[in-house]
$ cat upload.csv   # CSV, C-alpha atoms
chain,number,residue,atom,x,y,z
A,1,MET,CA,3.2,29.9,-23.7
A,2,LYS,CA,6.4,28.1,-22.6
A,3,VAL,CA,6.7,24.5,-21.5
A,4,TYR,CA,8.9,23.4,-18.6
A,5,ALA,CA,9.4,20.0,-17.1
A,6,ILE,CA,10.8,18.4,-14.0
A,7,SER,CA,10.0,15.0,-12.5
A,8,ASP,CA,10.6,12.5,-9.7
A,9,LEU,CA,10.1,15.0,-6.8
A,10,HIS,CA,9.4,12.1,-4.3
A,11,LEU,CA,7.4,14.4,-2.0
A,12,SER,CA,6.5,13.6,1.6
A,13,ILE,CA,5.3,17.0,2.9
A,14,ASN,CA,3.4,15.7,5.9
A,15,ASN,CA,5.6,12.7,6.6
A,16,PRO,CA,9.1,13.9,5.8
A,17,LYS,CA,11.4,11.3,4.2
A,18,PRO,CA,14.8,12.9,3.8
A,19,MET,CA,16.0,12.5,0.2
A,20,ASN,CA,19.6,13.5,0.9
A,21,ILE,CA,20.4,10.0,2.1
A,22,PHE,CA,20.7,9.4,-1.7
A,23,GLY,CA,23.4,12.1,-2.1
A,24,ARG,CA,24.2,15.7,-1.6
A,25,VAL,CA,22.3,16.7,-4.8
A,26,TRP,CA,19.2,16.3,-2.8
A,27,ASN,CA,20.1,18.9,-0.2
A,28,ASN,CA,17.5,21.6,-0.3
A,29,TYR,CA,16.3,20.2,-3.6
A,30,LEU,CA,12.8,21.5,-3.3
A,31,GLY,CA,14.1,25.0,-2.7
A,32,ASP,CA,16.2,24.7,-5.8
A,33,ILE,CA,13.2,23.5,-7.8
A,34,GLU,CA,11.0,26.4,-6.5
A,35,GLU,CA,13.8,28.9,-7.5
A,36,SER,CA,14.0,27.4,-11.0
A,37,LEU,CA,10.3,27.8,-11.5
A,38,ALA,CA,10.3,31.5,-10.5
A,39,CYS,CA,10.4,32.5,-14.2
A,40,VAL,CA,7.2,30.5,-15.0
A,41,GLU,CA,4.3,32.7,-16.1
A,42,LYS,CA,0.7,31.9,-15.2
A,43,ASP,CA,-0.1,30.5,-18.7
A,44,ASP,CA,3.0,28.5,-19.0
A,45,LEU,CA,3.0,24.7,-18.6
A,46,VAL,CA,4.9,22.7,-16.0
A,47,LEU,CA,5.1,19.0,-16.8
A,48,LEU,CA,5.8,16.5,-14.0
A,49,ALA,CA,6.3,13.0,-15.4
A,50,GLY,CA,5.7,10.8,-12.3
A,51,ASP,CA,7.1,9.7,-9.0
A,52,LEU,CA,5.4,12.7,-7.4
A,53,SER,CA,4.8,11.4,-3.8
A,54,TRP,CA,5.9,8.7,-1.5
A,55,ALA,CA,2.3,8.4,-0.2
A,56,MET,CA,0.7,5.0,-0.3
A,57,LYS,CA,-2.9,6.1,-0.3
A,58,LEU,CA,-4.7,8.9,-2.2
A,59,GLU,CA,-5.7,10.9,0.9
A,60,ALA,CA,-2.1,10.9,2.1
A,61,ALA,CA,-1.0,12.4,-1.2
A,62,VAL,CA,-3.2,15.5,-0.8
A,63,PRO,CA,-0.5,17.7,0.9
A,64,ASP,CA,2.0,16.8,-1.8
A,65,LEU,CA,-0.4,17.6,-4.6
A,66,GLU,CA,-1.3,20.9,-2.9
A,67,TYR,CA,2.4,21.7,-2.8
A,68,ILE,CA,2.6,21.0,-6.6
A,69,GLY,CA,-0.5,23.2,-7.0
A,70,LYS,CA,1.3,26.2,-5.5
A,71,PHE,CA,3.9,26.1,-8.3
A,72,PRO,CA,3.4,28.9,-10.9
A,73,GLY,CA,1.8,28.1,-14.2
A,74,ILE,CA,-0.5,25.2,-15.3
A,75,LYS,CA,0.7,21.9,-13.9
A,76,ILE,CA,0.2,18.6,-15.7
A,77,ILE,CA,1.1,15.3,-14.0
A,78,THR,CA,1.3,11.6,-14.9
A,79,ARG,CA,2.0,8.5,-12.9
A,80,GLY,CA,5.3,7.0,-11.9
A,81,ASN,CA,6.2,3.6,-10.6
A,82,HIS,CA,6.3,4.8,-7.0
A,83,ASP,CA,3.0,6.6,-7.1
A,84,PHE,CA,1.1,3.9,-5.3
A,85,TRP,CA,-1.5,6.4,-4.2
A,86,TRP,CA,-2.7,6.9,-7.8
A,87,ASN,CA,-5.6,4.5,-7.9
A,88,GLY,CA,-8.2,5.4,-10.6
A,89,ILE,CA,-7.9,8.6,-12.7
A,90,SER,CA,-11.4,9.9,-11.6
A,91,ALA,CA,-10.4,9.7,-7.9
A,92,VAL,CA,-7.1,11.5,-8.6
A,93,ARG,CA,-8.8,14.2,-10.6
A,94,GLY,CA,-11.3,14.7,-7.8
A,95,ILE,CA,-8.7,15.9,-5.4
A,96,LEU,CA,-6.4,18.0,-7.6
A,97,PRO,CA,-5.9,21.6,-6.9
A,98,VAL,CA,-6.9,24.3,-9.4
A,99,ASN,CA,-4.6,24.4,-12.4
A,100,VAL,CA,-3.3,20.8,-12.0
A,101,TYR,CA,-4.3,18.3,-14.6
A,102,ALA,CA,-3.7,14.5,-14.5
A,103,ILE,CA,-3.2,12.5,-17.6
A,104,GLN,CA,-3.7,8.7,-17.9
A,105,ASN,CA,-3.8,7.2,-21.4
A,106,ASP,CA,-5.4,10.4,-22.7
A,107,CYS,CA,-4.4,14.0,-23.4
A,108,VAL,CA,-5.0,17.6,-22.5
A,109,LYS,CA,-4.9,20.5,-25.0
A,110,LEU,CA,-4.0,23.9,-23.7
A,111,GLY,CA,-3.6,26.6,-26.4
A,112,ASN,CA,-1.7,25.1,-29.2
A,113,VAL,CA,0.1,22.5,-27.1
A,114,ILE,CA,-1.3,19.0,-26.5
A,115,VAL,CA,0.2,16.9,-23.7
A,116,CYS,CA,-0.2,13.1,-23.8
A,117,GLY,CA,0.9,10.7,-21.1
A,118,SER,CA,1.3,7.2,-19.7
A,119,ARG,CA,3.5,5.5,-17.2
A,120,GLY,CA,5.4,3.2,-19.5
A,121,TRP,CA,7.5,0.3,-18.4
A,122,SER,CA,11.1,-0.8,-18.4
A,123,ILE,CA,12.3,-2.1,-21.7
A,124,ASP,CA,14.9,-4.2,-19.9
A,125,ASP,CA,12.4,-6.1,-17.8
A,126,LYS,CA,12.5,-9.5,-19.6
A,127,THR,CA,10.4,-11.4,-17.0
A,128,GLU,CA,7.1,-12.7,-18.2
A,129,GLU,CA,5.3,-10.3,-16.0
A,130,GLY,CA,7.5,-7.5,-17.3
A,131,LYS,CA,6.7,-8.4,-20.9
A,132,LYS,CA,3.0,-8.3,-20.1
A,133,LEU,CA,3.3,-4.9,-18.5
A,134,TYR,CA,5.3,-3.5,-21.4
A,135,ALA,CA,2.7,-4.7,-23.9
A,136,ARG,CA,-0.1,-3.2,-21.8
A,137,GLU,CA,1.7,0.1,-21.7
A,138,LEU,CA,2.1,0.1,-25.5
A,139,ILE,CA,-1.7,-0.1,-25.7
A,140,ARG,CA,-2.1,2.7,-23.3
A,141,ILE,CA,0.4,4.9,-25.1
A,142,ASP,CA,-1.4,4.3,-28.3
A,143,MET,CA,-4.7,5.2,-26.6
A,144,SER,CA,-3.2,8.5,-25.5
A,145,LEU,CA,-1.9,9.3,-29.0
A,146,LYS,CA,-5.2,8.4,-30.6
A,147,ALA,CA,-7.0,10.8,-28.2
A,148,MET,CA,-4.5,13.5,-29.3
A,149,GLU,CA,-5.2,12.9,-33.0
A,150,LYS,CA,-8.9,13.6,-32.4
A,151,VAL,CA,-8.2,17.2,-31.2
A,152,ARG,CA,-5.0,18.0,-33.0
A,153,ASP,CA,-4.9,21.0,-35.4
A,154,SER,CA,-2.1,21.7,-37.9
A,155,ALA,CA,-0.5,24.3,-35.7
A,156,ASP,CA,-0.5,22.2,-32.5
A,157,ARG,CA,2.7,20.9,-30.9
A,158,VAL,CA,2.6,17.6,-29.1
A,159,VAL,CA,4.5,16.6,-26.0
A,160,PHE,CA,4.4,13.1,-24.5
A,161,MET,CA,5.1,12.5,-20.8
A,162,ILE,CA,6.3,9.0,-19.9
A,163,HIS,CA,7.8,8.1,-16.6
A,164,TYR,CA,10.1,5.2,-17.8
A,165,PRO,CA,12.8,5.9,-20.4
A,166,PRO,CA,11.4,5.0,-23.8
A,167,PHE,CA,14.6,3.4,-24.9
A,168,ASN,CA,17.6,1.5,-23.6
A,169,VAL,CA,21.0,3.0,-22.5
A,170,ARG,CA,22.1,3.1,-26.1
A,171,PHE,CA,19.0,5.1,-27.1
A,172,GLU,CA,18.1,2.5,-29.7
A,173,ASP,CA,14.7,2.4,-31.4
A,174,SER,CA,11.9,0.7,-29.4
A,175,PRO,CA,8.2,0.0,-29.9
A,176,VAL,CA,7.6,3.1,-27.8
A,177,THR,CA,9.8,5.4,-29.9
A,178,GLU,CA,8.2,4.0,-33.0
A,179,LEU,CA,4.7,5.0,-31.7
A,180,PHE,CA,6.0,8.5,-31.0
A,181,GLU,CA,7.3,8.8,-34.6
A,182,LYS,CA,4.1,7.3,-36.1
A,183,TYR,CA,2.0,9.9,-34.5
A,184,GLY,CA,4.3,12.9,-35.1
A,185,VAL,CA,5.2,13.7,-31.5
A,186,ASP,CA,7.4,16.8,-31.2
A,187,ALA,CA,9.0,16.2,-27.8
A,188,VAL,CA,9.1,13.6,-25.1
A,189,VAL,CA,9.8,14.1,-21.4
A,190,TYR,CA,10.7,11.2,-19.1
A,191,GLY,CA,12.2,10.5,-15.7
A,192,HIS,CA,12.8,7.5,-13.4
A,193,LEU,CA,16.6,7.5,-13.7
A,194,HIS,CA,18.5,8.5,-10.6
A,195,GLY,CA,22.0,8.4,-9.2
A,196,LYS,CA,25.4,9.6,-10.2
A,197,ASP,CA,26.2,6.3,-11.9
A,198,CYS,CA,23.1,6.1,-14.1
A,199,ARG,CA,23.9,6.1,-17.8
A,200,SER,CA,21.9,9.0,-19.2
A,201,MET,CA,21.9,12.2,-21.1
A,202,PRO,CA,19.7,15.3,-20.3
A,203,PHE,CA,18.8,15.7,-24.0
A,204,VAL,CA,18.8,13.4,-27.0
A,205,GLU,CA,17.4,14.1,-30.5
A,206,LYS,CA,16.3,10.9,-32.2
A,207,ASN,CA,14.7,10.7,-35.6
A,208,GLY,CA,13.5,14.3,-35.3
A,209,ILE,CA,12.1,14.1,-31.8
A,210,GLY,CA,13.7,15.8,-28.8
A,211,TYR,CA,13.9,13.5,-25.7
A,212,TYR,CA,14.3,15.3,-22.3
A,213,LEU,CA,15.4,13.5,-19.2
A,214,THR,CA,13.7,15.4,-16.3
A,215,SER,CA,14.5,13.4,-13.1
A,216,CYS,CA,15.3,16.3,-10.8
A,217,ASP,CA,18.6,15.0,-9.5
A,218,GLN,CA,19.8,14.5,-13.1
A,219,ILE,CA,19.1,18.1,-14.1
A,220,LYS,CA,20.5,19.7,-10.9
A,221,ASN,CA,17.0,20.3,-9.6
A,222,LYS,CA,16.3,23.0,-12.2
A,223,ALA,CA,13.2,22.7,-14.4
A,224,VAL,CA,14.2,22.5,-18.1
A,225,GLU,CA,12.4,24.4,-20.9
A,226,ILE,CA,11.0,22.1,-23.6
A,227,VAL,CA,11.8,23.5,-27.0
A,228,LEU,CA,8.9,23.0,-29.5
A,229,PRO,CA,8.7,23.9,-33.2
A,230,ASP,CA,6.7,26.9,-34.3
A,231,LYS,CA,3.9,25.5,-36.5
A,232,SER,CA,1.9,28.7,-36.7
A,233,ASP,CA,2.5,29.0,-40.5
A,234,THR,CA,1.6,25.5,-41.3

$ encode --input "upload.csv" --output "C-alpha cells"
Amino acid sequence: MKVYAISDLHLSINNPKPMNIFGRVWNNYLGDIEESLACVEKDDLVLLAGDLSWAMKLEAAVPDLEYIGKFPGIKIITRGNHDFWWNGISAVRGILPVNVYAIQNDCVKLGNVIVCGSRGWSIDDKTEEGKKLYARELIRIDMSLKAMEKVRDSADRVVFMIHYPPFNVRFEDSPVTELFEKYGVDAVVYGHLHGKDCRSMPFVEKNGIGYYLTSCDQIKNKAVEIVLPDKSDT
C-alpha cells in the first residue's frame, strides 16, 4: 500500500468557477491531477487535506465529492476553511461515494496505516476569536490522536492530515507539532497555502517527522507520495 496526497482542489463541477484567474498554474489543473494519479493502485491511499469544494451547502457538494470518488485508490478527506458545505460529520459521511472516507477529530485504519485529521487553525491569528479557534483545534487534534492510540499496533504507521500549516513560516515548534511528536506521528500532510509569493517548502523534516505541503498549485498539480517508515520488524 502506497500513500499519496494532494489538497485544495477547490472544485465546482456543476457551477464552474475558473481557477486560472489565480495564475497559469491553474490551467487544466484537474487534468494534471488526474494524470498524476494514474499510477495509484486500488488499495493505495489518496489523502485530500481540505478545501475540496466551493459549494456552500452539502447537497451542492455532491458532484464534487463524486468527482473525487472517481479517483483511483481509497480516498480520505478532511475539512478545509473553505468547505462551508461540511456541516456535521454524520451528514457528510451519508453522501460519500464508495471508497471515500471523511475524518473529523477521529481516525481511520486501513491495513497498517492510520490516518488522523482535523482542520487546524492559523497560528498567526492573534485575535481573541482566533485564539479561541486555535485552542479548540488543539483539543480536536488531541481527540484524533487519542482515537489513533486505541487502534494502533506496533507495525502501524500514522499520518495526520491538517488543512492549516502546523507551524509558522520559519517552521518553528508549535503546540500542534508538539502533539504530533507526543503521539509519535510519522508524517503530516497539510495545505491552505497558495500563490507564487507564499513562503513555503514542499517538504520539511522536523524532529523526526516529515511534513508535506500538498496544496495542488504548490506541487505543480501532481500528487506526492508520502514516504513512511517500515515498521514490520518492530

$ residues_around --input "upload.csv" --residues "Asn168 of chain A" --least-positions-apart "3" --cutoff "9 Å" --atoms "only C-alpha atoms" --output "PDB file with C-alpha atoms, in the frame of the given file"
ATOM      1  CA  SER A 122      11.100  -0.800 -18.400  1.00  0.00           C
ATOM      2  CA  ILE A 123      12.300  -2.100 -21.700  1.00  0.00           C
ATOM      3  CA  ASP A 124      14.900  -4.200 -19.900  1.00  0.00           C
ATOM      4  CA  PRO A 165      12.800   5.900 -20.400  1.00  0.00           C
ATOM      5  CA  PHE A 171      19.000   5.100 -27.100  1.00  0.00           C
ATOM      6  CA  GLU A 172      18.100   2.500 -29.700  1.00  0.00           C
ATOM      7  CA  ASP A 173      14.700   2.400 -31.400  1.00  0.00           C
ATOM      8  CA  SER A 174      11.900   0.700 -29.400  1.00  0.00           C
TER       9      SER A 174
END

$ closest_residue --input "upload.csv" --among "A:Ile219, A:Ile209, A:Val158, A:Leu45" --to "Leu9 of chain A" --atoms "all atoms listed in the file"
A:Ile219

$ atom_distance --input "upload.csv" --atom1 "atom CA of Leu213 of chain A" --atom2 "atom CA of Val189 of chain A"
6.0 Å

$ closest_atom_pairs --input "upload.csv" --of "segment 110-228 of chain A" --to "segment 82-95 of chain A" --cutoff "12 Å" --atoms "all atoms listed in the file" --output "CSV"
residue,atom,partner,partner_atom,distance
A:Ser118,CA,A:Ile89,CA,11.6
A:Arg119,CA,A:Asp83,CA,10.2
A:His163,CA,A:His82,CA,10.3
A:Tyr164,CA,A:His82,CA,11.5
A:Gly191,CA,A:His82,CA,12.0
A:His192,CA,A:His82,CA,9.5

$ write_last_selection --input "upload.csv" --atoms "C-alpha atoms" --output "PDB file, in the coordinates of the input"
ATOM      1  CA  SER A 118       1.300   7.200 -19.700  1.00  0.00           C
ATOM      2  CA  ARG A 119       3.500   5.500 -17.200  1.00  0.00           C
ATOM      3  CA  HIS A 163       7.800   8.100 -16.600  1.00  0.00           C
ATOM      4  CA  TYR A 164      10.100   5.200 -17.800  1.00  0.00           C
ATOM      5  CA  GLY A 191      12.200  10.500 -15.700  1.00  0.00           C
ATOM      6  CA  HIS A 192      12.800   7.500 -13.400  1.00  0.00           C
TER       7      HIS A 192
END

$ residues_around --input "upload.csv" --residues "Lys150 of chain A" --least-positions-apart "3" --cutoff "12 Å" --atoms "only C-alpha atoms" --output "CSV table (one decimal) with C-alpha atoms, in the frame of the given file"
chain,number,residue,atom,x,y,z
A,106,ASP,CA,-5.4,10.4,-22.7
A,107,CYS,CA,-4.4,14.0,-23.4
A,108,VAL,CA,-5.0,17.6,-22.5
A,109,LYS,CA,-4.9,20.5,-25.0
A,114,ILE,CA,-1.3,19.0,-26.5
A,143,MET,CA,-4.7,5.2,-26.6
A,144,SER,CA,-3.2,8.5,-25.5
A,145,LEU,CA,-1.9,9.3,-29.0
A,146,LYS,CA,-5.2,8.4,-30.6
A,147,ALA,CA,-7.0,10.8,-28.2
A,153,ASP,CA,-4.9,21.0,-35.4
A,154,SER,CA,-2.1,21.7,-37.9
A,183,TYR,CA,2.0,9.9,-34.5

$ residues_around --input "upload.csv" --residues "Pro72 of chain A" --least-positions-apart "5" --cutoff "10 Å" --atoms "only C-alpha atoms" --output "PDB file with C-alpha atoms, in the coordinates of the input"
ATOM      1  CA  GLU A  34      11.000  26.400  -6.500  1.00  0.00           C
ATOM      2  CA  LEU A  37      10.300  27.800 -11.500  1.00  0.00           C
ATOM      3  CA  ALA A  38      10.300  31.500 -10.500  1.00  0.00           C
ATOM      4  CA  CYS A  39      10.400  32.500 -14.200  1.00  0.00           C
ATOM      5  CA  VAL A  40       7.200  30.500 -15.000  1.00  0.00           C
ATOM      6  CA  GLU A  41       4.300  32.700 -16.100  1.00  0.00           C
ATOM      7  CA  LYS A  42       0.700  31.900 -15.200  1.00  0.00           C
ATOM      8  CA  ASP A  43      -0.100  30.500 -18.700  1.00  0.00           C
ATOM      9  CA  ASP A  44       3.000  28.500 -19.000  1.00  0.00           C
ATOM     10  CA  LEU A  45       3.000  24.700 -18.600  1.00  0.00           C
ATOM     11  CA  VAL A  46       4.900  22.700 -16.000  1.00  0.00           C
ATOM     12  CA  ASN A  99      -4.600  24.400 -12.400  1.00  0.00           C
TER      13      ASN A  99
END

$ closest_residue --input "upload.csv" --among "A:Gly184, A:Gly31, A:Pro63, A:Gly80" --to "Pro97 of chain A" --atoms "all atoms listed in the file"
A:Pro63

$ residues_around --input "upload.csv" --residues "Asn207 of chain A" --least-positions-apart "4" --cutoff "10 Å" --atoms "all atoms listed in the file" --output "list in words"
Asp173, Thr177, Glu178 and Glu181 of chain A

$ write_last_selection --input "upload.csv" --atoms "C-alpha atoms" --output "mmCIF file, in the coordinates of the input"
data_model
loop_
_atom_site.group_PDB
_atom_site.id
_atom_site.type_symbol
_atom_site.label_atom_id
_atom_site.label_comp_id
_atom_site.auth_asym_id
_atom_site.auth_seq_id
_atom_site.Cartn_x
_atom_site.Cartn_y
_atom_site.Cartn_z
ATOM 1 C CA ASP A 173 14.700 2.400 -31.400
ATOM 2 C CA THR A 177 9.800 5.400 -29.900
ATOM 3 C CA GLU A 178 8.200 4.000 -33.000
ATOM 4 C CA GLU A 181 7.300 8.800 -34.600
#

$ atom_distance --input "upload.csv" --atom1 "atom CA of Glu59 of chain A" --atom2 "atom CA of Ser12 of chain A"
12.5 Å

$ residues_near_point --input "upload.csv" --point "(4.3, -3.0, -32.4)" --cutoff "12 Å" --atoms "only C-alpha atoms" --output "MDAnalysis selection string"
chainID A and resid 134:139 141:142 173:180 182

$ atom_distance --input "upload.csv" --atom1 "atom CA of Leu110 of chain A" --atom2 "atom CA of Asp217 of chain A"
28.1 Å

$ closest_residue --input "upload.csv" --among "A:Ile68, A:Val100, A:Ile6, A:Leu52" --to "Asn81 of chain A" --atoms "only C-alpha atoms"
A:Leu52

$ closest_residue --input "upload.csv" --among "A:Lys75, A:Lys222, A:Arg157, A:Lys2" --to "Asp186 of chain A" --atoms "only C-alpha atoms"
A:Arg157

$ residues_around --input "upload.csv" --residues "Leu48 of chain A" --least-positions-apart "6" --cutoff "6 Å" --atoms "all atoms listed in the file" --output "list in words"
Ala5, Ile6, Ser7 and Ile77 of chain A

$ closest_residue --input "upload.csv" --among "A:Ile226, A:Tyr29, A:Lys231, A:Ser36" --to "Ala187 of chain A" --atoms "only C-alpha atoms"
A:Ile226

$ closest_residue --input "upload.csv" --among "A:Gly130, A:Pro16, A:Gly111, A:Pro166" --to "Ile74 of chain A" --atoms "all atoms listed in the file"
A:Gly111
